[in-house]
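Asker: Coordinates in start-v9.txt, compact mmCIF, C-alpha atoms, are listed below.
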# COMPACT_ATOMS: atom_id res chain seq x y z
CA MET A 72 209.38 131.68 94.18
CA SER A 73 208.99 135.26 92.90
CA ALA A 74 211.93 137.45 91.92
CA VAL A 75 210.93 140.04 94.53
CA LEU A 76 210.83 137.42 97.26
CA LEU A 77 214.16 135.99 96.11
CA SER A 78 215.76 139.42 96.29
CA GLY A 79 214.44 139.95 99.82
CA ILE A 80 215.68 136.57 100.96
CA MET A 81 219.14 137.02 99.44
CA SER A 82 219.59 140.30 101.29
CA CYS A 83 219.22 138.66 104.71
CA SER A 84 220.94 135.35 103.98
CA ASN A 85 224.49 136.35 103.18
CA PRO A 86 227.14 134.10 104.73
CA ALA A 87 228.94 135.47 107.76
CA ALA A 88 231.62 134.37 110.17
CA THR A 89 229.86 133.87 113.50
CA GLU A 90 230.39 132.58 117.00
CA SER A 91 227.93 130.59 119.11
CA GLU A 92 228.28 130.16 122.86
CA GLY A 93 231.85 131.43 122.67
CA LYS A 94 232.91 128.95 119.99
CA SER A 95 233.56 129.66 116.33
CA VAL A 96 230.95 128.04 114.10
CA ASP A 97 231.75 127.16 110.52
CA THR A 98 228.65 127.19 108.35
CA SER A 99 230.43 128.12 105.13
CA MET A 100 229.39 124.93 103.32
CA GLU A 101 225.74 125.32 104.32
CA ASP A 102 225.84 129.03 103.44
CA ALA A 103 227.14 128.23 99.97
CA MET A 104 224.45 125.60 99.44
CA LEU A 105 221.81 128.05 100.70
CA GLN A 106 222.93 130.74 98.26
CA GLN A 107 222.89 128.26 95.39
CA ALA A 108 219.43 127.07 96.35
CA LEU A 109 218.16 130.65 96.48
CA LYS A 110 219.61 131.44 93.07
CA ARG A 111 217.85 128.49 91.46
CA THR A 112 214.69 129.06 93.56
CA ASP A 113 214.99 125.59 95.12
CA VAL A 114 212.55 125.95 98.01
CA ALA A 115 213.13 122.52 99.55
CA THR A 116 216.92 122.94 99.77
CA THR A 117 216.51 126.52 100.98
CA LEU A 118 214.44 125.32 103.93
CA VAL A 119 216.81 122.49 104.78
CA MET A 120 219.92 124.66 104.63
CA ALA A 121 218.39 127.57 106.58
CA ASN A 122 217.24 125.23 109.34
CA THR A 123 220.60 123.43 109.38
CA ILE A 124 222.48 126.72 109.79
CA LEU A 125 220.17 127.77 112.63
CA GLU A 126 220.70 124.45 114.38
CA LYS A 127 224.45 125.02 114.23
CA ASP A 128 224.35 128.72 114.99
CA SER A 129 221.26 130.15 116.69
CA SER A 130 222.68 133.68 116.43
CA ARG A 131 221.88 133.78 112.70
CA THR A 132 218.47 135.24 113.45
CA GLY A 133 218.20 136.88 110.03
CA LEU A 134 217.54 133.42 108.63
CA TYR A 135 214.21 133.31 110.43
CA ASP A 136 213.05 136.03 108.08
CA THR A 137 214.28 133.90 105.17
CA LEU A 138 212.27 130.95 106.43
CA PHE A 139 209.20 133.08 107.05
CA GLN A 140 209.22 134.45 103.52
CA VAL A 141 209.65 130.99 102.01
CA TYR A 142 206.84 129.55 104.16
CA TYR A 143 204.67 132.50 103.13
CA GLU A 144 205.34 131.79 99.47
CA MET A 145 204.50 128.12 100.06
CA GLN A 146 201.40 129.00 102.14
CA ASN A 147 202.66 126.64 104.82
CA PRO A 148 200.59 127.38 107.97
CA ALA A 149 202.72 125.36 110.39
CA GLY A 150 205.91 127.05 109.20
CA LEU A 151 204.34 130.51 109.33
CA ALA A 152 203.02 129.94 112.85
CA ASP A 153 206.27 128.52 114.24
CA VAL A 154 208.68 130.99 112.65
CA GLY A 155 206.26 133.90 113.00
CA GLU A 156 206.12 133.44 116.77
CA VAL A 157 209.93 133.54 116.91
CA LEU A 158 210.09 136.74 114.85
CA LEU A 159 207.35 138.42 116.88
CA LYS A 160 209.35 138.01 120.07
CA THR A 161 211.73 140.71 118.84
CA GLN A 162 209.31 142.60 116.56
CA PRO A 163 205.93 142.24 118.31
CA ASN A 164 204.19 145.01 116.36
CA ASN A 165 205.38 144.09 112.87
CA ILE A 166 202.18 143.83 110.80
CA GLU A 167 203.98 141.93 108.02
CA TYR A 168 204.67 139.16 110.53
CA LEU A 169 201.43 139.41 112.49
CA GLU A 170 198.98 138.80 109.65
CA PRO A 171 200.53 135.62 108.19
CA THR A 172 201.29 134.25 111.66
CA ILE A 173 197.64 134.72 112.68
CA ALA A 174 196.50 133.00 109.47
CA GLY A 175 198.85 130.09 110.19
CA LEU A 176 197.64 129.72 113.75
CA ILE A 177 193.99 129.76 112.66
CA SER A 178 194.70 127.07 110.04
CA LEU A 179 196.21 124.96 112.81
CA GLN A 180 193.17 125.73 115.03
CA ASP A 181 195.44 127.30 117.63
CA TYR A 182 192.70 129.81 118.33
CA GLN A 183 193.84 131.22 121.66
CA LYS A 184 197.21 132.32 120.29
CA ALA A 185 195.52 133.67 117.16
CA LEU A 186 193.11 135.76 119.25
CA MET A 187 195.94 137.17 121.33
CA LEU A 188 197.76 138.32 118.19
CA GLN A 189 194.55 139.61 116.60
CA ASP A 190 193.89 141.70 119.69
CA ARG A 191 197.40 143.12 119.45
CA MET A 192 196.93 143.85 115.77
CA PHE A 193 193.67 145.68 116.43
CA SER A 194 195.32 147.80 119.10
CA ILE A 195 197.95 148.80 116.52
CA THR A 196 195.71 149.40 113.50
CA GLY A 197 192.19 150.02 114.83
CA ASP A 198 190.94 148.14 111.76
CA LEU A 199 187.37 146.99 112.44
CA ARG A 200 187.77 144.10 110.01
CA ILE A 201 189.99 142.47 112.62
CA LYS A 202 187.08 142.53 115.06
CA MET A 203 184.99 140.56 112.57
CA GLN A 204 187.84 138.10 112.10
CA MET A 205 188.03 137.71 115.87
CA ALA A 206 184.27 137.06 115.96
CA THR A 207 184.80 134.26 113.43
CA VAL A 208 187.49 132.68 115.59
CA HIS A 209 185.27 132.87 118.67
CA PHE A 210 182.46 131.30 116.63
CA GLU A 211 184.75 128.40 115.64
CA MET A 212 185.52 127.94 119.34
CA GLN A 213 181.76 127.83 120.07
CA ASP A 214 182.22 130.92 122.23
CA PHE A 215 179.10 132.68 120.99
CA LYS A 216 179.08 135.28 123.76
CA SER A 217 182.53 136.61 122.82
CA ALA A 218 181.68 136.44 119.12
CA TYR A 219 178.54 138.49 119.81
CA GLU A 220 180.58 141.11 121.67
CA GLU A 221 183.02 141.49 118.77
CA VAL A 222 180.19 141.87 116.25
CA MET A 223 178.39 144.40 118.41
CA PHE A 224 181.59 146.41 118.71
CA VAL A 225 181.56 146.79 114.93
CA ILE A 226 177.87 147.70 114.86
CA ASP A 227 178.45 150.27 117.60
CA HIS A 228 181.05 151.86 115.32
CA LYS A 229 178.88 151.74 112.20
CA THR A 230 179.86 155.25 111.13
CA VAL A 231 183.30 153.85 110.36
CA ALA A 232 182.11 150.36 109.41
CA ASP A 233 179.80 151.81 106.75
CA THR A 234 182.86 153.10 104.88
CA ILE A 235 184.68 149.74 104.83
CA LYS A 236 183.98 147.17 102.13
CA VAL A 237 184.68 143.46 102.53
CA GLU A 238 184.60 140.59 100.07
CA GLN A 239 181.87 137.97 100.34
CA MET A 240 181.14 134.80 98.39
CA MET A 241 178.07 134.62 96.15
CA PRO A 242 176.33 131.22 96.50
CA SER A 243 174.08 131.86 93.51
CA VAL A 244 177.07 132.58 91.23
CA PRO A 245 179.83 129.97 91.69
CA ASN A 246 183.41 131.26 91.90
CA LYS A 247 182.28 134.86 92.13
CA THR A 248 182.46 137.32 95.01
CA GLN A 249 181.04 140.74 95.79
CA MET A 250 181.92 143.67 98.04
CA VAL A 251 179.55 144.66 100.86
CA SER A 252 179.84 147.09 103.74
CA LEU A 253 181.34 145.88 107.00
CA THR A 254 178.17 146.98 108.78
CA ALA A 255 176.07 144.69 106.56
CA LEU A 256 178.46 141.83 107.28
CA ALA A 257 178.17 142.54 111.01
CA TYR A 258 174.37 142.34 110.94
CA PHE A 259 174.53 139.19 108.83
CA SER A 260 177.01 137.64 111.27
CA LEU A 261 174.78 138.63 114.17
CA GLY A 262 171.93 136.77 112.47
CA GLN A 263 174.12 133.70 112.03
CA LEU A 264 175.06 133.75 115.70
CA GLU A 265 171.43 134.05 116.77
CA TYR A 266 170.37 131.23 114.47
CA SER A 267 173.12 129.02 115.95
CA GLU A 268 171.58 129.64 119.36
CA GLY A 269 168.08 128.76 118.16
CA LYS A 270 166.85 132.36 118.01
CA LYS A 271 165.31 132.10 114.57
CA GLN A 272 163.16 135.24 114.56
CA ALA A 273 165.99 137.44 115.83
CA ALA A 274 168.26 135.90 113.19
CA ILE A 275 165.78 136.69 110.40
CA LYS A 276 165.44 140.26 111.65
CA HIS A 277 169.17 140.93 111.55
CA ILE A 278 169.79 139.22 108.22
CA GLN A 279 166.98 141.36 106.80
CA LYS A 280 168.77 144.36 108.28
CA ALA A 281 171.91 143.34 106.37
CA LEU A 282 169.85 143.14 103.18
CA ALA A 283 168.32 146.54 103.85
CA LEU A 284 171.84 147.96 103.88
CA GLU A 285 173.02 145.87 100.91
CA PRO A 286 169.99 144.77 98.81
CA ARG A 287 172.21 142.69 96.48
CA TYR A 288 173.94 140.85 99.34
CA ASP A 289 173.81 137.39 97.80
CA LEU A 290 175.01 135.34 100.78
CA ALA A 291 172.54 137.04 103.13
CA ALA A 292 169.67 136.48 100.69
CA SER A 293 170.58 132.80 100.24
CA THR A 294 170.84 132.28 104.00
CA LEU A 295 167.50 133.97 104.60
CA LEU A 296 165.82 131.60 102.14
CA GLU A 297 167.37 128.60 103.90
CA ILE A 298 166.27 129.52 107.41
CA HIS A 299 162.76 130.78 106.58
Taking this structure as input, can you express it in the form of structure tokens?
Answerer:
Amino acid sequence: MSAVLLSGIMSCSNPAATESEGKSVDTSMEDAMLQQALKRTDVATTLVMANTILEKDSSRTGLYDTLFQVYYEMQNPAGLADVGEVLLKTQPNNIEYLEPTIAGLISLQDYQKALMLQDRMFSITGDLRIKMQMATVHFEMQDFKSAYEEVMFVIDHKTVADTIKVEQMMPSVPNKTQMVSLTALAYFSLGQLEYSEGKKQAAIKHIQKALALEPRYDLAASTLLEIH
């Protein structure tokens, strides 16, 4: 666990005298164990103690942030999705919670919830990359019509999309990536969608369009060779 993360967690995990449902709740022992676990960066004990305290005293909502940060460090999708949804109930527009929660939901294939949060995130940021991410989710759901609409939205806003670069894998060079314009990615994705629906000639046309915009687009070139 990083020092920066540890510092952030410590700041929201300090022991406190609390009451739950009108009764005094003593979590002093768990609080002490939590602080010790944080100091020695013991992730497993941190999670156990934070959850134990919350079970005893649900008013300690600051601990949800502790859990979220630990799950983020662990790249635990189930933890991020579960705790993220709790945090977003009180902070629905918090981008720092939205992004990891969406990633967790997608990993769990909870696509409908992911799409709902992605739509909210796009309404906040206007970032066209989110539209392409939404297209990918629709594609995974076999909802090609909705995926097509998301991709076309990006193409219809190509003036902006042309200025945005995204990372893409390079099949011909293992473990290497390259940056291409979002517009090129949109045309490539459109070609993939069309090919999935058996529209081979339309797919070739749009992948060629992607290559016209980005002549060194390795993934597009490799795909074009495969489907020709």
Asker: Find, counting all atoms listed in the file, the residue in A:Leu151, A:Leu290, A:Lys270, A:Asn122 that gets nearest to Lys247 in chain A.
Answerer: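 The answer is A:Leu290, which sits nearest to Lys247 in chain A.
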Asker: Which residue gives the smallest distance to Gly175 in chain A among A:Gln106, A:Gln146, A:Ser267, A:Thr116, with all atoms listed in the file counted?
Answerer: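 Ranking A:Gln106, A:Gln146, A:Ser267, A:Thr116 by distance to Gly175 in chain A, first place goes to A:Gln146.
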Asker: Pick out the residues sitting within 9 Å of Pro242 in chain A, and hand them over as a list in words; count all atoms listed in the file, and ignore anything fewer than 6 positions along from it in its own chain.
Answerer: Thr248, Asp289, Leu290 and Ser293 of chain A
Asker: Separation of CA of Thr254 in chain A and CA of Phe215 in chain A, in Å?
Answerer: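 Taking CA of Thr254 in chain A and CA of Phe215 in chain A, their separation equals 18.8 Å.
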Asker: Quick one: residues within 8 Å of Met205 in chain A, only C-alpha atoms, excluding same-chain residues fewer than 6 positions away - as number ranges by chain?
Answerer: A: 186, 189, 218, 221
Asker: Please compute the CA of Ser243 in chain A-CA of Met203 in chain A distance, one decimal, in Å.
Answerer: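 Taking CA of Ser243 in chain A as the start and CA of Met203 in chain A as the end point, the length is 23.6 Å.
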Asker: Could you check which of A:Met240, A:Met192, A:Leu109, A:Met120 is closest to Asn164 in chain A, using only C-alpha atoms?
Answerer: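 Ranked by minimum distance to Asn164 in chain A, first place goes to A:Met192.
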